[in-house]
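Engineer: Quick one, start-v3.pdb (PDB, C-alpha atoms (C1' of nucleotides)):
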MODEL        1
ATOM      1  CA  MET A   1       0.000   0.000   0.000
ATOM      2  CA  PRO A   2       2.077   2.866   1.166
ATOM      3  CA  GLU A   3       4.593   4.812  -0.818
ATOM      4  CA  LEU A   4       5.759   8.269   0.132
ATOM      5  CA  PRO A   5       2.423   9.990  -0.579
ATOM      6  CA  GLU A   6       0.424   7.542   1.513
ATOM      7  CA  VAL A   7       2.909   7.761   4.370
ATOM      8  CA  GLU A   8       2.944  11.545   4.215
ATOM      9  CA  VAL A   9      -0.857  11.734   4.037
ATOM     10  CA  THR A  10      -0.988   9.464   7.061
ATOM     11  CA  ARG A  11       1.500  11.647   8.905
ATOM     12  CA  LEU A  12      -0.444  14.809   8.145
ATOM     13  CA  SER A  13      -3.657  13.207   9.364
ATOM     14  CA  PHE A  14      -2.489  12.668  12.938
ATOM     15  CA  ALA A  15       0.802  14.493  13.591
ATOM     16  CA  ASP A  16      -0.805  17.603  15.049
ATOM     17  CA  ARG A  17      -3.229  15.659  17.171
ATOM     18  CA  ILE A  18      -0.661  13.365  18.769
ATOM     19  CA  GLN A  19       1.938  16.060  19.354
ATOM     20  CA  GLY A  20       2.487  16.551  23.073
ATOM     21  CA  ALA A  21       0.658  13.350  23.995
ATOM     22  CA  ARG A  22       1.919  11.332  26.924
ATOM     23  CA  ILE A  23       2.275   7.596  26.305
ATOM     24  CA  GLN A  24       0.239   5.530  28.712
ATOM     25  CA  GLN A  25       0.782   2.059  27.326
ATOM     26  CA  LEU A  26       1.975   0.175  24.284
ATOM     27  CA  ARG A  27       0.300  -3.051  23.245
ATOM     28  CA  MET A  28       2.007  -5.203  20.639
ATOM     29  CA  GLY A  29       0.132  -8.033  18.891
ATOM     30  CA  LYS A  30       1.527 -10.601  16.465
ATOM     31  CA  PRO A  31       5.168 -10.161  15.449
ATOM     32  CA  LEU A  32       5.843  -7.588  12.761
ATOM     33  CA  ARG A  33       8.775  -7.367  10.385
ATOM     34  CA  TRP A  34      11.237  -6.489  13.162
ATOM     35  CA  PRO A  35      11.008  -6.729  16.925
ATOM     36  CA  LEU A  36      10.200  -3.603  18.916
ATOM     37  CA  GLY A  37      13.644  -3.687  20.442
ATOM     38  CA  CYS A  38      12.699  -2.770  23.989
ATOM     39  CA  ASP A  39      10.278  -3.662  26.747
ATOM     40  CA  THR A  40       6.907  -2.001  26.122
ATOM     41  CA  SER A  41       6.923  -0.637  29.674
ATOM     42  CA  LEU A  42       9.968   1.437  28.808
ATOM     43  CA  LEU A  43       7.764   3.813  26.823
ATOM     44  CA  GLN A  44       5.248   4.537  29.558
ATOM     45  CA  GLY A  45       5.235   8.177  30.541
ATOM     46  CA  ARG A  46       7.200   9.391  27.546
ATOM     47  CA  THR A  47       5.938  12.260  25.448
ATOM     48  CA  VAL A  48       5.478  12.402  21.682
ATOM     49  CA  LEU A  49       7.228  15.584  20.600
ATOM     50  CA  ARG A  50       6.478  15.399  16.880
ATOM     51  CA  VAL A  51       6.022  13.093  13.914
ATOM     52  CA  ARG A  52       8.467  13.218  11.048
ATOM     53  CA  ARG A  53       8.782  11.180   7.859
ATOM     54  CA  ARG A  54      11.960   9.768   6.361
ATOM     55  CA  GLY A  55      11.327   7.950   3.095
ATOM     56  CA  LYS A  56       8.478   5.569   3.864
ATOM     57  CA  TYR A  57       9.190   5.572   7.598
ATOM     58  CA  LEU A  58       7.309   7.612  10.159
ATOM     59  CA  LEU A  59       9.452   8.768  13.064
ATOM     60  CA  LEU A  60       7.771   9.541  16.351
ATOM     61  CA  ASP A  61      10.250  11.659  18.268
ATOM     62  CA  LEU A  62       9.819  11.140  21.991
ATOM     63  CA  ASP A  63      11.236  13.190  24.822
ATOM     64  CA  ARG A  64      13.726  10.348  24.995
ATOM     65  CA  GLY A  65      14.291   8.049  22.023
ATOM     66  CA  LEU A  66      12.057   7.563  19.014
ATOM     67  CA  LEU A  67       9.669   5.084  17.455
ATOM     68  CA  LEU A  68      10.159   4.085  13.834
ATOM     69  CA  LEU A  69       6.941   3.032  12.114
ATOM     70  CA  HIS A  70       6.732   1.387   8.719
ATOM     71  CA  LEU A  71       3.509   0.422   6.964
ATOM     72  CA  GLY A  72       4.996  -2.309   4.777
ATOM     73  CA  MET A  73       2.693  -3.386   1.955
ATOM     74  CA  SER A  74      -0.614  -3.481   3.759
ATOM     75  CA  GLY A  75      -0.332  -1.268   6.817
ATOM     76  CA  SER A  76      -2.431   1.702   7.829
ATOM     77  CA  LEU A  77      -2.675   3.806  10.959
ATOM     78  CA  HIS A  78      -5.714   5.069  12.796
ATOM     79  CA  PHE A  79      -5.676   7.666  15.513
ATOM     80  CA  ALA A  80      -8.745   8.385  17.590
ATOM     81  CA  SER A  81      -9.741   8.961  21.171
ATOM     82  CA  GLU A  82     -11.835   5.828  21.102
ATOM     83  CA  LEU A  83     -11.158   2.787  18.918
ATOM     84  CA  PRO A  84     -13.062  -0.500  18.723
ATOM     85  CA  PRO A  85     -11.470  -3.581  20.326
ATOM     86  CA  ALA A  86      -8.369  -4.702  18.448
ATOM     87  CA  GLY A  87      -9.091  -7.043  15.532
ATOM     88  CA  VAL A  88      -6.913  -9.898  14.321
ATOM     89  CA  HIS A  89      -4.818  -7.600  12.145
ATOM     90  CA  ASP A  90      -4.375  -4.789  14.632
ATOM     91  CA  HIS A  91      -0.830  -5.456  15.756
ATOM     92  CA  CYS A  92       0.050  -2.346  17.687
ATOM     93  CA  ASP A  93      -1.889   0.046  19.915
ATOM     94  CA  LEU A  94      -0.120   3.060  21.326
ATOM     95  CA  PHE A  95      -2.378   4.413  24.048
ATOM     96  CA  THR A  96      -1.740   8.067  24.808
ATOM     97  CA  SER A  97      -3.328  10.949  26.662
ATOM     98  CA  ARG A  98      -4.611  12.293  23.322
ATOM     99  CA  GLY A  99      -5.927   9.034  21.876
ATOM    100  CA  THR A 100      -4.856   5.663  20.546
ATOM    101  CA  LEU A 101      -2.593   5.182  17.547
ATOM    102  CA  ARG A 102      -3.331   1.802  15.995
ATOM    103  CA  LEU A 103      -1.418  -0.083  13.312
ATOM    104  CA  HIS A 104      -3.593  -2.316  11.147
ATOM    105  CA  ASP A 105      -1.471  -4.563   8.944
ATOM    106  CA  PRO A 106      -2.791  -7.867   7.555
ATOM    107  CA  ARG A 107       0.476  -8.939   5.931
ATOM    108  CA  ARG A 108       2.693  -7.812   8.791
ATOM    109  CA  PHE A 109       5.462  -6.452   6.586
ATOM    110  CA  GLY A 110       5.184  -3.298   8.622
ATOM    111  CA  ALA A 111       7.207  -2.482  11.704
ATOM    112  CA  VAL A 112       7.284  -0.612  14.984
ATOM    113  CA  VAL A 113      10.823  -0.237  16.246
ATOM    114  CA  TYR A 114      12.226   1.647  19.189
ATOM    115  CA  ALA A 115      15.593   3.392  18.965
ATOM    116  CA  ASP A 116      17.400   5.261  21.733
ATOM    117  CA  SER A 117      18.397   7.893  19.212
ATOM    118  CA  GLN A 118      18.615   8.376  15.490
ATOM    119  CA  ASP A 119      22.247   7.252  15.708
ATOM    120  CA  ALA A 120      21.382   3.973  17.408
ATOM    121  CA  PRO A 121      22.462   0.903  15.413
ATOM    122  CA  VAL A 122      18.911  -0.145  14.624
ATOM    123  CA  ALA A 123      18.066   3.320  13.277
ATOM    124  CA  THR A 124      21.217   3.398  11.202
ATOM    125  CA  LYS A 125      20.444  -0.027   9.783
ATOM    126  CA  LEU A 126      16.982   1.036   8.688
ATOM    127  CA  LEU A 127      17.568   4.646   7.700
ATOM    128  CA  GLY A 128      21.275   4.939   7.054
ATOM    129  CA  HIS A 129      21.327   3.938   3.411
ATOM    130  CA  LEU A 130      18.290   5.965   2.364
ATOM    131  CA  GLY A 131      18.628   8.387  -0.519
ATOM    132  CA  MET A 132      17.446  11.961  -0.957
ATOM    133  CA  GLU A 133      14.005  13.209  -0.001
ATOM    134  CA  PRO A 134      12.281  14.162  -3.253
ATOM    135  CA  LEU A 135       9.973  16.808  -1.797
ATOM    136  CA  GLY A 136      11.411  19.937  -0.263
ATOM    137  CA  ASP A 137      14.755  21.574  -0.907
ATOM    138  CA  GLU A 138      17.179  18.699  -0.404
ATOM    139  CA  PHE A 139      16.857  17.124  -3.832
ATOM    140  CA  PRO A 140      19.354  18.823  -6.119
ATOM    141  CA  LEU A 141      19.217  17.848  -9.768
ATOM    142  CA  THR A 142      23.006  17.505  -9.946
ATOM    143  CA  ALA A 143      23.029  14.916  -7.162
ATOM    144  CA  PHE A 144      20.128  13.066  -8.771
ATOM    145  CA  TYR A 145      21.985  12.966 -12.066
ATOM    146  CA  ALA A 146      25.162  11.757 -10.352
ATOM    147  CA  GLY A 147      23.231   9.047  -8.521
ATOM    148  CA  LEU A 148      21.579   7.743 -11.662
ATOM    149  CA  HIS A 149      24.787   7.996 -13.639
ATOM    150  CA  ALA A 150      26.458   5.554 -11.230
ATOM    151  CA  ARG A 151      23.763   2.879 -11.630
ATOM    152  CA  LYS A 152      23.812   0.277 -14.358
ATOM    153  CA  THR A 153      20.413  -1.177 -13.532
ATOM    154  CA  ALA A 154      17.106  -0.363 -15.146
ATOM    155  CA  ILE A 155      15.860   3.072 -14.097
ATOM    156  CA  LYS A 156      12.624   1.643 -12.660
ATOM    157  CA  GLN A 157      14.572  -0.526 -10.252
ATOM    158  CA  VAL A 158      16.929   2.287  -9.313
ATOM    159  CA  LEU A 159      13.925   4.395  -8.350
ATOM    160  CA  LEU A 160      12.424   1.540  -6.329
ATOM    161  CA  ALA A 161      15.664   0.782  -4.497
ATOM    162  CA  GLY A 162      15.455   4.097  -2.646
ATOM    163  CA  GLU A 163      19.208   4.607  -2.456
ATOM    164  CA  VAL A 164      19.260   7.568  -4.824
ATOM    165  CA  VAL A 165      15.840   9.007  -4.022
ATOM    166  CA  VAL A 166      13.381   7.716  -1.412
ATOM    167  CA  GLY A 167       9.654   7.226  -1.369
ATOM    168  CA  VAL A 168       9.069   6.171  -4.961
ATOM    169  CA  GLY A 169       7.365   2.774  -4.901
ATOM    170  CA  ASN A 170       5.790   0.632  -7.557
ATOM    171  CA  ILE A 171       2.896   2.913  -8.471
ATOM    172  CA  TYR A 172       4.742   6.205  -8.595
ATOM    173  CA  ALA A 173       7.823   4.785 -10.324
ATOM    174  CA  SER A 174       5.670   3.807 -13.293
ATOM    175  CA  GLU A 175       3.807   7.106 -13.171
ATOM    176  CA  ALA A 176       6.919   9.290 -12.942
ATOM    177  CA  LEU A 177       8.641   7.430 -15.784
ATOM    178  CA  PHE A 178       5.562   7.897 -17.940
ATOM    179  CA  MET A 179       5.458  11.587 -17.156
ATOM    180  CA  ALA A 180       9.141  11.895 -18.056
ATOM    181  CA  GLY A 181       8.738   9.833 -21.239
ATOM    182  CA  ILE A 182      11.378   7.323 -20.164
ATOM    183  CA  ARG A 183      11.197   3.569 -20.783
ATOM    184  CA  PRO A 184      11.343   1.740 -17.420
ATOM    185  CA  THR A 185      13.942  -0.719 -18.714
ATOM    186  CA  THR A 186      16.445   1.961 -19.723
ATOM    187  CA  LYS A 187      19.770   1.685 -17.927
ATOM    188  CA  ALA A 188      19.893   4.548 -15.430
ATOM    189  CA  SER A 189      23.469   5.504 -16.292
ATOM    190  CA  THR A 190      22.625   6.087 -19.946
ATOM    191  CA  ILE A 191      19.985   8.757 -19.375
ATOM    192  CA  GLY A 192      21.241  12.186 -20.404
ATOM    193  CA  ARG A 193      21.014  15.357 -18.339
ATOM    194  CA  ALA A 194      17.973  16.793 -20.051
ATOM    195  CA  ARG A 195      15.995  13.602 -19.579
ATOM    196  CA  VAL A 196      17.157  13.222 -15.980
ATOM    197  CA  ALA A 197      15.913  16.762 -15.420
ATOM    198  CA  ARG A 198      12.501  15.747 -16.768
ATOM    199  CA  LEU A 199      12.461  12.733 -14.446
ATOM    200  CA  HIS A 200      13.529  14.846 -11.481
ATOM    201  CA  GLU A 201      10.601  17.157 -12.121
ATOM    202  CA  ALA A 202       8.244  14.235 -12.776
ATOM    203  CA  VAL A 203       9.083  12.519  -9.492
ATOM    204  CA  ARG A 204       8.392  15.691  -7.552
ATOM    205  CA  THR A 205       5.221  16.492  -9.460
ATOM    206  CA  VAL A 206       3.743  13.008  -9.217
ATOM    207  CA  LEU A 207       4.449  12.618  -5.512
ATOM    208  CA  ALA A 208       3.227  16.097  -4.607
ATOM    209  CA  ARG A 209       0.089  15.603  -6.668
ATOM    210  CA  ALA A 210      -0.571  12.252  -4.973
ATOM    211  CA  VAL A 211      -0.202  13.796  -1.514
ATOM    212  CA  LEU A 212      -2.723  16.426  -2.575
ATOM    213  CA  LYS A 213      -5.182  13.713  -3.644
ATOM    214  CA  GLY A 214      -4.822  11.848  -0.352
ATOM    215  CA  GLY A 215      -2.634   9.081  -1.795
ATOM    216  CA  SER A 216      -3.759   6.043  -3.774
ATOM    217  CA  THR A 217      -6.350   3.666  -2.377
ATOM    218  CA  LEU A 218      -6.037   0.496  -4.446
ATOM    219  CA  ARG A 219      -7.441  -1.901  -1.924
ATOM    220  CA  ASP A 220      -7.642  -0.579   1.560
ATOM    221  CA  PHE A 221      -5.393   2.389   2.226
ATOM    222  CA  SER A 222      -6.801   5.083   4.456
ATOM    223  CA  ASN A 223      -5.280   7.883   6.487
ATOM    224  CA  ALA A 224      -5.417   8.094  10.281
ATOM    225  CA  HIS A 225      -8.932   9.543  10.001
ATOM    226  CA  GLY A 226     -10.025   6.518   7.978
ATOM    227  CA  GLU A 227     -10.344   8.487   4.720
ATOM    228  CA  SER A 228      -9.417   6.991   1.316
ATOM    229  CA  GLY A 229      -7.095   8.500  -1.286
ATOM    230  CA  TYR A 230      -8.025   9.302  -4.881
ATOM    231  CA  PHE A 231      -4.817   9.500  -6.878
ATOM    232  CA  GLN A 232      -5.421   6.073  -8.424
ATOM    233  CA  LEU A 233      -8.261   7.631 -10.431
ATOM    234  CA  GLU A 234      -5.792   9.747 -12.358
ATOM    235  CA  ALA A 235      -3.055   7.154 -12.816
ATOM    236  CA  MET A 236      -1.765   7.307 -16.391
ATOM    237  CA  VAL A 237      -0.312   3.800 -16.587
ATOM    238  CA  TYR A 238      -0.397   1.960 -13.270
ATOM    239  CA  ASP A 239      -2.785  -1.009 -13.349
ATOM    240  CA  ARG A 240      -3.913   0.012 -16.854
ATOM    241  CA  GLN A 241      -2.418  -2.790 -18.963
ATOM    242  CA  GLY A 242      -4.447  -3.388 -22.109
ATOM    243  CA  LEU A 243      -6.173  -0.018 -21.834
ATOM    244  CA  PRO A 244      -5.486   2.878 -24.212
ATOM    245  CA  CYS A 245      -2.849   5.416 -23.198
ATOM    246  CA  ARG A 246      -4.568   8.572 -21.997
ATOM    247  CA  VAL A 247      -2.177  10.621 -24.150
ATOM    248  CA  CYS A 248      -1.639   8.734 -27.420
ATOM    249  CA  GLY A 249      -4.187   5.928 -27.359
ATOM    250  CA  ILE A 250      -1.668   3.096 -27.777
ATOM    251  CA  THR A 251      -2.231   0.065 -25.557
ATOM    252  CA  ILE A 252      -0.522   0.261 -22.150
ATOM    253  CA  GLN A 253       1.866  -2.630 -21.624
ATOM    254  CA  LEU A 254       2.786  -4.658 -18.564
ATOM    255  CA  LEU A 255       6.174  -6.189 -17.879
ATOM    256  CA  ARG A 256       7.957  -7.623 -14.890
ATOM    257  CA  GLN A 257      11.131  -6.228 -13.399
ATOM    258  CA  GLY A 258      12.557  -7.800 -10.292
ATOM    259  CA  GLN A 259       9.294  -9.673  -9.695
ATOM    260  CA  ARG A 260       7.313  -6.418  -9.700
ATOM    261  CA  SER A 261       4.827  -5.228 -12.289
ATOM    262  CA  THR A 262       5.815  -2.275 -14.437
ATOM    263  CA  TYR A 263       3.357  -0.396 -16.634
ATOM    264  CA  PHE A 264       4.336   1.831 -19.546
ATOM    265  CA  CYS A 265       3.237   3.246 -22.866
ATOM    266  CA  PRO A 266       5.459   1.977 -25.692
ATOM    267  CA  GLN A 267       4.678   5.076 -27.726
ATOM    268  CA  CYS A 268       5.143   7.803 -25.120
ATOM    269  CA  GLN A 269       8.138   6.076 -23.532
ATOM    270  CA  LYS A 270      10.270   5.051 -26.465
ATOM    271  CA  ARG A 271      13.574   5.026 -24.644
TER     272      ARG A 271
ATOM    273  C1'  DA B   1      30.980  -4.486  -5.487
ATOM    274  C1'  DG B   2      26.873  -4.657  -7.413
ATOM    275  C1'  DG B   3      23.101  -6.889  -9.293
ATOM    276  C1'  DG B   4      19.674 -10.560  -9.055
ATOM    277  C1'  DT B   5      16.670 -13.777  -6.144
ATOM    278  C1'  DG B   6      14.197 -15.519  -2.210
ATOM    279  C1'  DA B   7      11.967 -14.635   1.916
ATOM    280  C1'  DC B   8       8.718 -12.669   5.045
ATOM    281  C1'  DC B   9       2.744 -13.038   5.585
ATOM    282  C1'  DT B  10      -2.149 -12.824   4.553
ATOM    283  C1'  DG B  11      -5.949 -11.918   1.509
ATOM    284  C1'  DT B  12      -8.102 -11.946  -2.943
ATOM    285  C1'  DC B  13      -9.008 -13.169  -7.475
ATOM    286  C1'  DG B  14      -9.062 -15.846 -11.765
ATOM    287  C1'  DG B  15      -8.881 -20.252 -13.933
ATOM    288  C1'  DC B  16      -9.930 -25.016 -14.121
TER     289       DC B  16
ATOM    290  C1'  DT C   1     -18.380 -24.900  -5.153
ATOM    291  C1'  DG C   2     -13.589 -25.808  -4.240
ATOM    292  C1'  DC C   3      -8.865 -25.876  -4.811
ATOM    293  C1'  DC C   4      -4.457 -23.875  -6.390
ATOM    294  C1'  DG C   5      -1.434 -20.677  -8.131
ATOM    295  C1'  DA C   6      -0.380 -15.954  -8.993
ATOM    296  C1'  DC C   7      -0.261 -11.602  -7.354
ATOM    297  C1'  DA C   8      -0.538  -7.321  -4.162
ATOM    298  C1'  DG C   9       1.442  -0.474  -2.441
ATOM    299  C1'  DG C  10       8.153  -3.020   0.705
ATOM    300  C1'  DT C  11      12.758  -4.150   1.695
ATOM    301  C1'  DC C  12      16.260  -6.943   3.853
ATOM    302  C1'  DA C  13      19.614 -10.929   3.744
ATOM    303  C1'  DC C  14      21.811 -13.682   0.885
ATOM    304  C1'  DC C  15      23.882 -15.611  -3.459
ATOM    305  C1'  DC C  16      27.024 -15.451  -7.350
TER     306       DC C  16
ENDMDL
END
Would you mind writing the structure in this file as structure tokens?
Structural biologist:
Amino acid sequence: MPELPEVEVTRLSFADRIQGARIQQLRMGKPLRWPLGCDTSLLQGRTVLRVRRRGKYLLLDLDRGLLLLHLGMSGSLHFASELPPAGVHDHCDLFTSRGTLRLHDPRRFGAVVYADSQDAPVATKLLGHLGMEPLGDEFPLTAFYAGLHARKTAIKQVLLAGEVVVGVGNIYASEALFMAGIRPTTKASTIGRARVARLHEAVRTVLARAVLKGGSTLRDFSNAHGESGYFQLEAMVYDRQGLPCRVCGITIQLLRQGQRSTYFCPQCQKR
DNA sequence: AGGGTGACCTGTCGGC
DNA sequence: TGCCGACAGGTCACCC
């Protein structure tokens, strides 16, 4: 489910409300992708200072330490003063003075991890290799070009890997490449400056637009208020194999790269 | 060293 | 109707 837009939309939907909340209790359900890394009682009495995002991770800064949350493929968060009893797929409840933050994650690829600081080994392992944030001011074109120039893999997979730029998952990689007119199979290192500049702009535009539309709800994504996203309605290629390209009318094609589906228009993305 | 593959886990859908 | 395989928004550990 969640790529950068969905994670950011989630963050925006509860960050203000949970800020300043005092943690009363943490309940963990079935195991998630990684262990919490501390006793749940350790968090009692701590305060949530703010909620940041790094790539597809949400970082809850506490007055001491931080919680790293990841939504995996199927995770979503809810935050409310009163929530129904935990269901089978509700694997984490963070009870606070302002309400309960609940992680719902059927596939359990998500994670809730405690770190003493952002320099703690576990935080470094998860965040240390992450690339540039595409939104905001820390995404210079020159660095993007240099990053792509050093990669011999297909551009789609370089985007997905998150080591050059973070937050671009399977939906938005296809969408950004379409917008930039670049074939997903093109070797990243062979893309010239002008085309990299188009991709740089496309990544920013697609992600920002998706945040504005509340993310993409393909199956079950919703923000912490329980509201769906609508970006999927304006997808140009994702999940549109066999349908006519919205620009040129040619049939959208599907291929597999690294066991993931890639969608593209053979006419609009010639190379 | 970097690139490719399998693994994690559950739900859903299409085909036979 | 029922079963089985393929696939789904992510990403790490491991192999050559």
Engineer: Find the residue from A:Leu66, A:Val122, A:Leu148, A:Val158 that sits nearest to chain B; use all atoms listed in the file when measuring.
Structural biologist: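 The answer is A:Val158, which sits nearest to chain B.
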Engineer: So what do you get for atom CA of Ile191 of chain A versus atom CA of Tyr263 of chain A, distance-wise?
Structural biologist: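 Computed distance, atom CA of Ile191 of chain A to atom CA of Tyr263 of chain A, equals 19.2 Å.
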Engineer: Could you spell out the hits of the PyMOL selection byres ((chain C and resi 6-9) around 7) on the shown file, as a list of chain:residue names?
Structural biologist: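 That selection, the PyMOL selection byres ((chain C and resi 6-9) around 7), comes back as A:Met1, A:Pro2, A:Glu3, A:Met73, A:Asn170, C:DG5.
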Engineer: Near chain B, which residues of chain A fall within 12 Å when you count all atoms listed in the file, and what do they look like as a PyMOL selection string?
Structural biologist: chain A and resi 30-34+72-75+88-89+105-110+150-154+157-158+161+219-220+257-259
Engineer: Using the selection just defined, write its residues with C-alpha atoms as a PDB file, in the frame of the given file.
Structural biologist:
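Contents of result-v3.pdb, as written:
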ATOM      1  CA  LYS A  30       1.527 -10.601  16.465  1.00  0.00           C
ATOM      2  CA  PRO A  31       5.168 -10.161  15.449  1.00  0.00           C
ATOM      3  CA  LEU A  32       5.843  -7.588  12.761  1.00  0.00           C
ATOM      4  CA  ARG A  33       8.775  -7.367  10.385  1.00  0.00           C
ATOM      5  CA  TRP A  34      11.237  -6.489  13.162  1.00  0.00           C
ATOM      6  CA  GLY A  72       4.996  -2.309   4.777  1.00  0.00           C
ATOM      7  CA  MET A  73       2.693  -3.386   1.955  1.00  0.00           C
ATOM      8  CA  SER A  74      -0.614  -3.481   3.759  1.00  0.00           C
ATOM      9  CA  GLY A  75      -0.332  -1.268   6.817  1.00  0.00           C
ATOM     10  CA  VAL A  88      -6.913  -9.898  14.321  1.00  0.00           C
ATOM     11  CA  HIS A  89      -4.818  -7.600  12.145  1.00  0.00           C
ATOM     12  CA  ASP A 105      -1.471  -4.563   8.944  1.00  0.00           C
ATOM     13  CA  PRO A 106      -2.791  -7.867   7.555  1.00  0.00           C
ATOM     14  CA  ARG A 107       0.476  -8.939   5.931  1.00  0.00           C
ATOM     15  CA  ARG A 108       2.693  -7.812   8.791  1.00  0.00           C
ATOM     16  CA  PHE A 109       5.462  -6.452   6.586  1.00  0.00           C
ATOM     17  CA  GLY A 110       5.184  -3.298   8.622  1.00  0.00           C
ATOM     18  CA  ALA A 150      26.458   5.554 -11.230  1.00  0.00           C
ATOM     19  CA  ARG A 151      23.763   2.879 -11.630  1.00  0.00           C
ATOM     20  CA  LYS A 152      23.812   0.277 -14.358  1.00  0.00           C
ATOM     21  CA  THR A 153      20.413  -1.177 -13.532  1.00  0.00           C
ATOM     22  CA  ALA A 154      17.106  -0.363 -15.146  1.00  0.00           C
ATOM     23  CA  GLN A 157      14.572  -0.526 -10.252  1.00  0.00           C
ATOM     24  CA  VAL A 158      16.929   2.287  -9.313  1.00  0.00           C
ATOM     25  CA  ALA A 161      15.664   0.782  -4.497  1.00  0.00           C
ATOM     26  CA  ARG A 219      -7.441  -1.901  -1.924  1.00  0.00           C
ATOM     27  CA  ASP A 220      -7.642  -0.579   1.560  1.00  0.00           C
ATOM     28  CA  GLN A 257      11.131  -6.228 -13.399  1.00  0.00           C
ATOM     29  CA  GLY A 258      12.557  -7.800 -10.292  1.00  0.00           C
ATOM     30  CA  GLN A 259       9.294  -9.673  -9.695  1.00  0.00           C
TER      31      GLN A 259
END
Engineer: Quick one: 3 Å padding each side, axis-aligned, all listed atoms of chain B - centre and edge lengths in Å to one decimal, as AutoDock Vina command-line options?
Structural biologist:
--center_x 10.5 --center_y -14.8 --center_z -4.3 --size_x 46.9 --size_y 26.5 --size_z 25.7
Engineer: For segment 9-22 of chain A, list every protein, DNA or RNA residue within 10 Å, evaluated using all atoms listed in the file, and leave out those in the same chain fewer than 6 positions away; present the list as a short mmCIF file (atom, residue, chain, number, x, y, z; two decimals) with C-alpha atoms, in the frame of the given file.
Structural biologist:
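Output below, filename result14.cif:
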data_model
loop_
_atom_site.label_atom_id
_atom_site.label_comp_id
_atom_site.auth_asym_id
_atom_site.auth_seq_id
_atom_site.Cartn_x
_atom_site.Cartn_y
_atom_site.Cartn_z
CA PRO A 2 2.08 2.87 1.17
CA LEU A 43 7.76 3.81 26.82
CA GLN A 44 5.25 4.54 29.56
CA GLY A 45 5.24 8.18 30.54
CA ARG A 46 7.20 9.39 27.55
CA THR A 47 5.94 12.26 25.45
CA VAL A 48 5.48 12.40 21.68
CA LEU A 49 7.23 15.58 20.60
CA ARG A 50 6.48 15.40 16.88
CA VAL A 51 6.02 13.09 13.91
CA ARG A 52 8.47 13.22 11.05
CA ARG A 53 8.78 11.18 7.86
CA TYR A 57 9.19 5.57 7.60
CA LEU A 58 7.31 7.61 10.16
CA LEU A 59 9.45 8.77 13.06
CA LEU A 60 7.77 9.54 16.35
CA ASP A 61 10.25 11.66 18.27
CA LEU A 62 9.82 11.14 21.99
CA ASP A 63 11.24 13.19 24.82
CA SER A 76 -2.43 1.70 7.83
CA LEU A 77 -2.68 3.81 10.96
CA HIS A 78 -5.71 5.07 12.80
CA PHE A 79 -5.68 7.67 15.51
CA ALA A 80 -8.74 8.38 17.59
CA PHE A 95 -2.38 4.41 24.05
CA THR A 96 -1.74 8.07 24.81
CA SER A 97 -3.33 10.95 26.66
CA ARG A 98 -4.61 12.29 23.32
CA GLY A 99 -5.93 9.03 21.88
CA THR A 100 -4.86 5.66 20.55
CA LEU A 101 -2.59 5.18 17.55
CA ALA A 210 -0.57 12.25 -4.97
CA VAL A 211 -0.20 13.80 -1.51
CA LEU A 212 -2.72 16.43 -2.58
CA LYS A 213 -5.18 13.71 -3.64
CA GLY A 214 -4.82 11.85 -0.35
CA GLY A 215 -2.63 9.08 -1.80
CA PHE A 221 -5.39 2.39 2.23
CA SER A 222 -6.80 5.08 4.46
CA ASN A 223 -5.28 7.88 6.49
CA ALA A 224 -5.42 8.09 10.28
CA HIS A 225 -8.93 9.54 10.00
CA GLY A 226 -10.02 6.52 7.98
CA GLU A 227 -10.34 8.49 4.72
CA GLY A 229 -7.10 8.50 -1.29
#
Engineer: Quote the spacing between atom CA of Leu68 of chain A and atom CA of His200 of chain A in Å to one decimal place.
Structural biologist: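 Pair atom CA of Leu68 of chain A / atom CA of His200 of chain A returns 27.7 Å.
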Engineer: For chain C, which residue out of A:Thr217, A:Gln241, A:Ser174, A:Thr190 is the nearest one, using only C-alpha atoms (C1' of nucleotides)?
Structural biologist: A:Thr217
Engineer: Grab the atom CA of Tyr238 of chain A to atom CA of Thr142 of chain A distance for me, in Å with one decimal place.
Structural biologist: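 Going from atom CA of Tyr238 of chain A over to atom CA of Thr142 of chain A covers 28.3 Å.
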Engineer: Kindly resolve the PyMOL selection byres ((chain A and resi 172) around 10) on the present coordinates and return the residues as a list in words.
Structural biologist: Glu3, Leu4, Pro5, Lys156, Leu159, Leu160, Gly167, Val168, Gly169, Asn170, Ile171, Ala173, Ser174, Glu175, Ala176, Leu177, Phe178, Ala202, Val203, Val206, Leu207, Ala210, Ser216, Ala235, Val237 and Tyr238 of chain A; DG9 of chain C
Engineer: Of the residues A:Ala197, A:Ala188, A:Ile155, A:Leu218, which is the one nearest to chain C, using only C-alpha atoms (C1' of nucleotides)?
Structural biologist: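 Comparing A:Ala197, A:Ala188, A:Ile155, A:Leu218 against chain C, the winner is A:Leu218.
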Engineer: Run the PyMOL selection byres ((chain A and resi 264) around 10) mentally over the shown coordinates, then write out the matched residues as a PyMOL selection string, using the chain letters and numbers from the document.
Structural biologist: chain A and resi 174-175+177-178+181-185+236-241+245+251-255+262-263+265-270
Engineer: Here is a test: counting all atoms listed in the file, which residue of A:Val112, A:Leu126, A:Met28, A:Leu69 is nearest to chain C?
Structural biologist: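 Checking each candidate against chain C, we get A:Leu126 as the closest.
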Engineer: Using all atoms listed in the file, can you tell me which of A:Arg256, A:Arg195, A:Arg246, A:Arg27 comes closest to chain C?
Structural biologist: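 Distance minimum relative to chain C lands on A:Arg256.
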Engineer: Residues near segment 127-138 of chain A, anyone? I mean within 8 Å using all atoms listed in the file, not counting same-chain ones fewer than 2 positions away, as a PyMOL selection string.
Structural biologist: chain A and resi 54-55+123-125+140+162-167+203-204+207-208
Engineer: I want to know what sits within 8 Å of Leu36 of chain A, based on all atoms listed in the file, with residues of the same chain fewer than 4 positions away left out; could you give that as a list in words?
Structural biologist: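 Within the cut-off, the hits are Ala111, Val112, Val113 and Tyr114 of chain A.
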